[in-house]
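Peer 1: My structure is below; once you've seen it, I'll send some questions.
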Amino acid sequence: MPRINPIDPATANGQAKSLLDAVQSKFGMVPNLLATMAHAPGVLQSYLQFNENLRGGTLDATLFEQIAITVSTVNGCRYCVSAHSAMGESAGIPRQAIQDAINGESSDPRTDAALKFARAVVSKQGWVGDDELEAVRGAGFDDSEIAQIIGIVGMKTFTNYFNHIAQTDIDFPEVDIPEPAHA
């Protein structure tokens, strides 16, 4: 049961209504996470803009979803793992690649390096070593792409923590993930 209930888009008003209407129009639904963020329209608007900006970078949509899944797994957020698994699957990411992202790995060496780097950023709270930075660079990522990976980690950590606190009801097909050590 949620600790912060989502706003019903049908009864929303003001800026929250405008934002939720835009979400409904763009995605054909209003995910519970976004309806819950709508309690503070500035939070929802900032999240939507941050997400759009990151998705407009040079990293492709497949890698974006894989990083989001890896980060959300490390942070123990079943909502986000479920949401990004569903989005990834609808974008054509094979189930095995989604499962690999849950495990923080990939059979593709470049993707594997990005996922390992994202895991390190989360688990070390940003204090990655030179070796981890050189490994992701060695896989072909430039500073712009590394900045985007860090941005995805930050954005997903925000939504993961938001869901932990709100206990957002999962409105996507649920995906099992390992229990985090701190739960």
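Each chain of the structure tokens is named A, B, ... in the order shown, its residues numbered from 1; ligands are numbered from 1 in display order.
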Write out as a PyMOL selection string each polymer residue whose atoms come within 12 Å of region 55-58 of chain A, counting only C-alpha atoms; drop sequence neighbours fewer than 3 positions from it.

Peer 2: chain A and resi 48-52+61-65+68+141-149+151-152+155

Peer 1: Store the residues picked out above in a file with C-alpha atoms, as a compact mmCIF listing (two decimals), in the first residue's frame.

Peer 2:
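So result-v5.txt came out as:
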```
# COMPACT_ATOMS: atom_id res chain seq x y z
CA LEU A 48 10.09 14.87 -17.19
CA GLN A 49 12.52 17.46 -18.54
CA PHE A 50 15.59 15.65 -17.15
CA ASN A 51 14.38 12.38 -18.66
CA GLU A 52 13.71 14.01 -22.03
CA ALA A 61 17.40 3.89 -26.17
CA THR A 62 18.46 0.27 -25.60
CA LEU A 63 21.50 1.22 -23.55
CA PHE A 64 19.45 3.84 -21.67
CA GLU A 65 16.96 1.15 -20.58
CA ALA A 68 18.15 2.19 -15.88
CA PHE A 141 32.80 5.82 -24.36
CA ASP A 142 33.79 9.47 -24.62
CA ASP A 143 33.36 12.10 -21.91
CA SER A 144 29.95 13.16 -23.26
CA GLU A 145 28.66 9.59 -23.06
CA ILE A 146 30.17 9.09 -19.61
CA ALA A 147 28.40 12.27 -18.46
CA GLN A 148 25.14 10.83 -19.83
CA ILE A 149 25.66 7.56 -17.97
CA GLY A 151 23.08 11.54 -15.52
CA ILE A 152 21.02 8.35 -15.93
CA MET A 155 17.95 10.39 -12.40
```

Peer 1: Find the residues near Pro109 (chain A): any atom within 10 Å, counting only C-alpha atoms, skip ones fewer than 5 places away on the same chain, and give them as a CSV table (one decimal) with C-alpha atoms, in the first residue's frame.

Peer 2:
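What landed in out_2.csv:
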```csv
chain,number,residue,atom,x,y,z
A,114,ALA,CA,28.7,0.8,-19.3
A,115,LEU,CA,26.6,-1.3,-17.0
A,139,ALA,CA,35.2,0.4,-24.2
A,140,GLY,CA,34.8,3.4,-26.5
```

Peer 1: Pull the helix (DSSP H, G or I) assignments for region 32-165 of chain A out of DSSP run on the backbone, and list those residues as a ChimeraX atom specification.

Peer 2: /A:32-37,41-55,61-74,78-90,95-102,109-123,130-138,143-165

Peer 1: Output C-alpha atoms for every residue in that selection, as a CSV table (one decimal), in the first residue's frame.

Peer 2:
```csv
chain,number,residue,atom,x,y,z
A,32,ASN,CA,1.7,5.7,-10.7
A,33,LEU,CA,5.2,7.1,-10.2
A,34,LEU,CA,4.4,10.2,-12.2
A,35,ALA,CA,0.9,10.6,-10.7
A,36,THR,CA,2.6,10.5,-7.3
A,37,MET,CA,5.2,13.1,-8.3
A,41,PRO,CA,4.3,19.8,-10.0
A,42,GLY,CA,7.9,21.2,-10.0
A,43,VAL,CA,9.3,17.8,-9.1
A,44,LEU,CA,7.3,16.1,-11.9
A,45,GLN,CA,8.1,18.8,-14.4
A,46,SER,CA,11.8,18.6,-13.5
A,47,TYR,CA,11.8,14.8,-13.8
A,48,LEU,CA,10.1,14.9,-17.2
A,49,GLN,CA,12.5,17.5,-18.5
A,50,PHE,CA,15.6,15.7,-17.1
A,51,ASN,CA,14.4,12.4,-18.7
A,52,GLU,CA,13.7,14.0,-22.0
A,53,ASN,CA,17.1,15.7,-22.0
A,54,LEU,CA,19.0,12.5,-21.2
A,55,ARG,CA,17.0,10.5,-23.8
A,61,ALA,CA,17.4,3.9,-26.2
A,62,THR,CA,18.5,0.3,-25.6
A,63,LEU,CA,21.5,1.2,-23.5
A,64,PHE,CA,19.5,3.8,-21.7
A,65,GLU,CA,17.0,1.1,-20.6
A,66,GLN,CA,19.7,-1.3,-19.7
A,67,ILE,CA,21.5,1.3,-17.5
A,68,ALA,CA,18.2,2.2,-15.9
A,69,ILE,CA,17.5,-1.5,-15.1
A,70,THR,CA,21.0,-2.0,-13.7
A,71,VAL,CA,20.9,1.1,-11.5
A,72,SER,CA,17.4,0.3,-10.3
A,73,THR,CA,18.4,-3.2,-9.4
A,74,VAL,CA,21.4,-2.1,-7.4
A,78,ARG,CA,11.2,-3.1,-8.2
A,79,TYR,CA,9.0,-0.4,-9.5
A,80,CYS,CA,11.7,1.0,-11.8
A,81,VAL,CA,13.1,-2.4,-12.8
A,82,SER,CA,9.6,-3.5,-13.7
A,83,ALA,CA,8.8,-0.2,-15.6
A,84,HIS,CA,12.1,-0.2,-17.6
A,85,SER,CA,11.9,-3.9,-18.3
A,86,ALA,CA,8.5,-3.4,-19.8
A,87,MET,CA,9.7,-0.3,-21.8
A,88,GLY,CA,12.8,-2.2,-22.9
A,89,GLU,CA,10.8,-5.2,-24.0
A,90,SER,CA,8.3,-3.1,-26.0
A,95,ARG,CA,14.4,-10.8,-22.5
A,96,GLN,CA,17.9,-12.3,-22.0
A,97,ALA,CA,19.4,-8.8,-22.4
A,98,ILE,CA,17.0,-7.4,-19.8
A,99,GLN,CA,17.9,-10.3,-17.4
A,100,ASP,CA,21.5,-9.6,-18.0
A,101,ALA,CA,21.0,-5.9,-17.2
A,102,ILE,CA,19.3,-6.9,-13.9
A,109,PRO,CA,31.5,-5.8,-24.3
A,110,ARG,CA,30.7,-2.1,-24.8
A,111,THR,CA,27.3,-2.4,-23.0
A,112,ASP,CA,28.9,-4.5,-20.3
A,113,ALA,CA,31.4,-1.8,-19.6
A,114,ALA,CA,28.7,0.8,-19.3
A,115,LEU,CA,26.6,-1.3,-17.0
A,116,LYS,CA,29.7,-2.1,-14.8
A,117,PHE,CA,30.5,1.6,-14.7
A,118,ALA,CA,26.9,2.5,-13.7
A,119,ARG,CA,27.0,-0.2,-11.0
A,120,ALA,CA,30.2,1.2,-9.6
A,121,VAL,CA,28.8,4.7,-9.6
A,122,VAL,CA,25.8,3.6,-7.5
A,123,SER,CA,27.6,1.2,-5.2
A,130,ASP,CA,40.6,5.8,-12.1
A,131,ASP,CA,40.5,2.2,-13.2
A,132,GLU,CA,36.7,2.1,-13.5
A,133,LEU,CA,36.8,5.4,-15.5
A,134,GLU,CA,39.5,4.1,-17.8
A,135,ALA,CA,37.6,0.8,-18.3
A,136,VAL,CA,34.5,2.6,-19.6
A,137,ARG,CA,36.7,4.9,-21.8
A,138,GLY,CA,38.6,1.8,-23.0
A,143,ASP,CA,33.4,12.1,-21.9
A,144,SER,CA,30.0,13.2,-23.3
A,145,GLU,CA,28.7,9.6,-23.1
A,146,ILE,CA,30.2,9.1,-19.6
A,147,ALA,CA,28.4,12.3,-18.5
A,148,GLN,CA,25.1,10.8,-19.8
A,149,ILE,CA,25.7,7.6,-18.0
A,150,ILE,CA,26.2,9.5,-14.8
A,151,GLY,CA,23.1,11.5,-15.5
A,152,ILE,CA,21.0,8.4,-15.9
A,153,VAL,CA,22.4,7.0,-12.6
A,154,GLY,CA,21.4,10.3,-10.9
A,155,MET,CA,18.0,10.4,-12.4
A,156,LYS,CA,17.2,6.7,-11.7
A,157,THR,CA,18.6,7.0,-8.1
A,158,PHE,CA,16.1,9.9,-7.6
A,159,THR,CA,13.1,7.8,-8.9
A,160,ASN,CA,14.3,4.8,-7.0
A,161,TYR,CA,14.4,6.7,-3.7
A,162,PHE,CA,11.1,8.4,-4.5
A,163,ASN,CA,9.5,4.9,-4.9
A,164,HIS,CA,11.1,3.6,-1.7
A,165,ILE,CA,9.6,6.4,0.3
```

Peer 1: Nearest to Asp169 (chain A) among A:Leu19, A:Gly14, A:Lys124, A:Pro31, with distances taken over only C-alpha atoms: which residue is it?

Peer 2: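 Ranking A:Leu19, A:Gly14, A:Lys124, A:Pro31 by distance to Asp169 (chain A), first place goes to A:Pro31.
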
Peer 1: Considering only C-alpha atoms, state which residue in the set A:Asn75, A:Gln24, A:Ser106, A:Gln167 is at the smallest distance from Ala10 (chain A).

Peer 2: A:Gln24

Peer 1: For Ile4 (chain A), which of A:Val128, A:Met29, A:Val23, A:His39 is the closest residue, counting only C-alpha atoms?

Peer 2: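 Looking at the shortest contact to Ile4 (chain A), the residue is A:His39.
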
Peer 1: Have a look at CA of Asp60 (chain A) and CA of Pro94 (chain A) and let me know their distance in Å, one decimal.

Peer 2: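 Taking CA of Asp60 (chain A) and CA of Pro94 (chain A), their separation equals 15.3 Å.
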
Peer 1: Quote the spacing between CA of Ala12 (chain A) and CA of Cys77 (chain A) in Å to one decimal place.

Peer 2: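 CA of Cys77 (chain A) lies 26.6 Å from CA of Ala12 (chain A).
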
Peer 1: Hey, can you check how far CA of Met1 (chain A) sits from CA of Ile170 (chain A)?

Peer 2: 10.2 Å
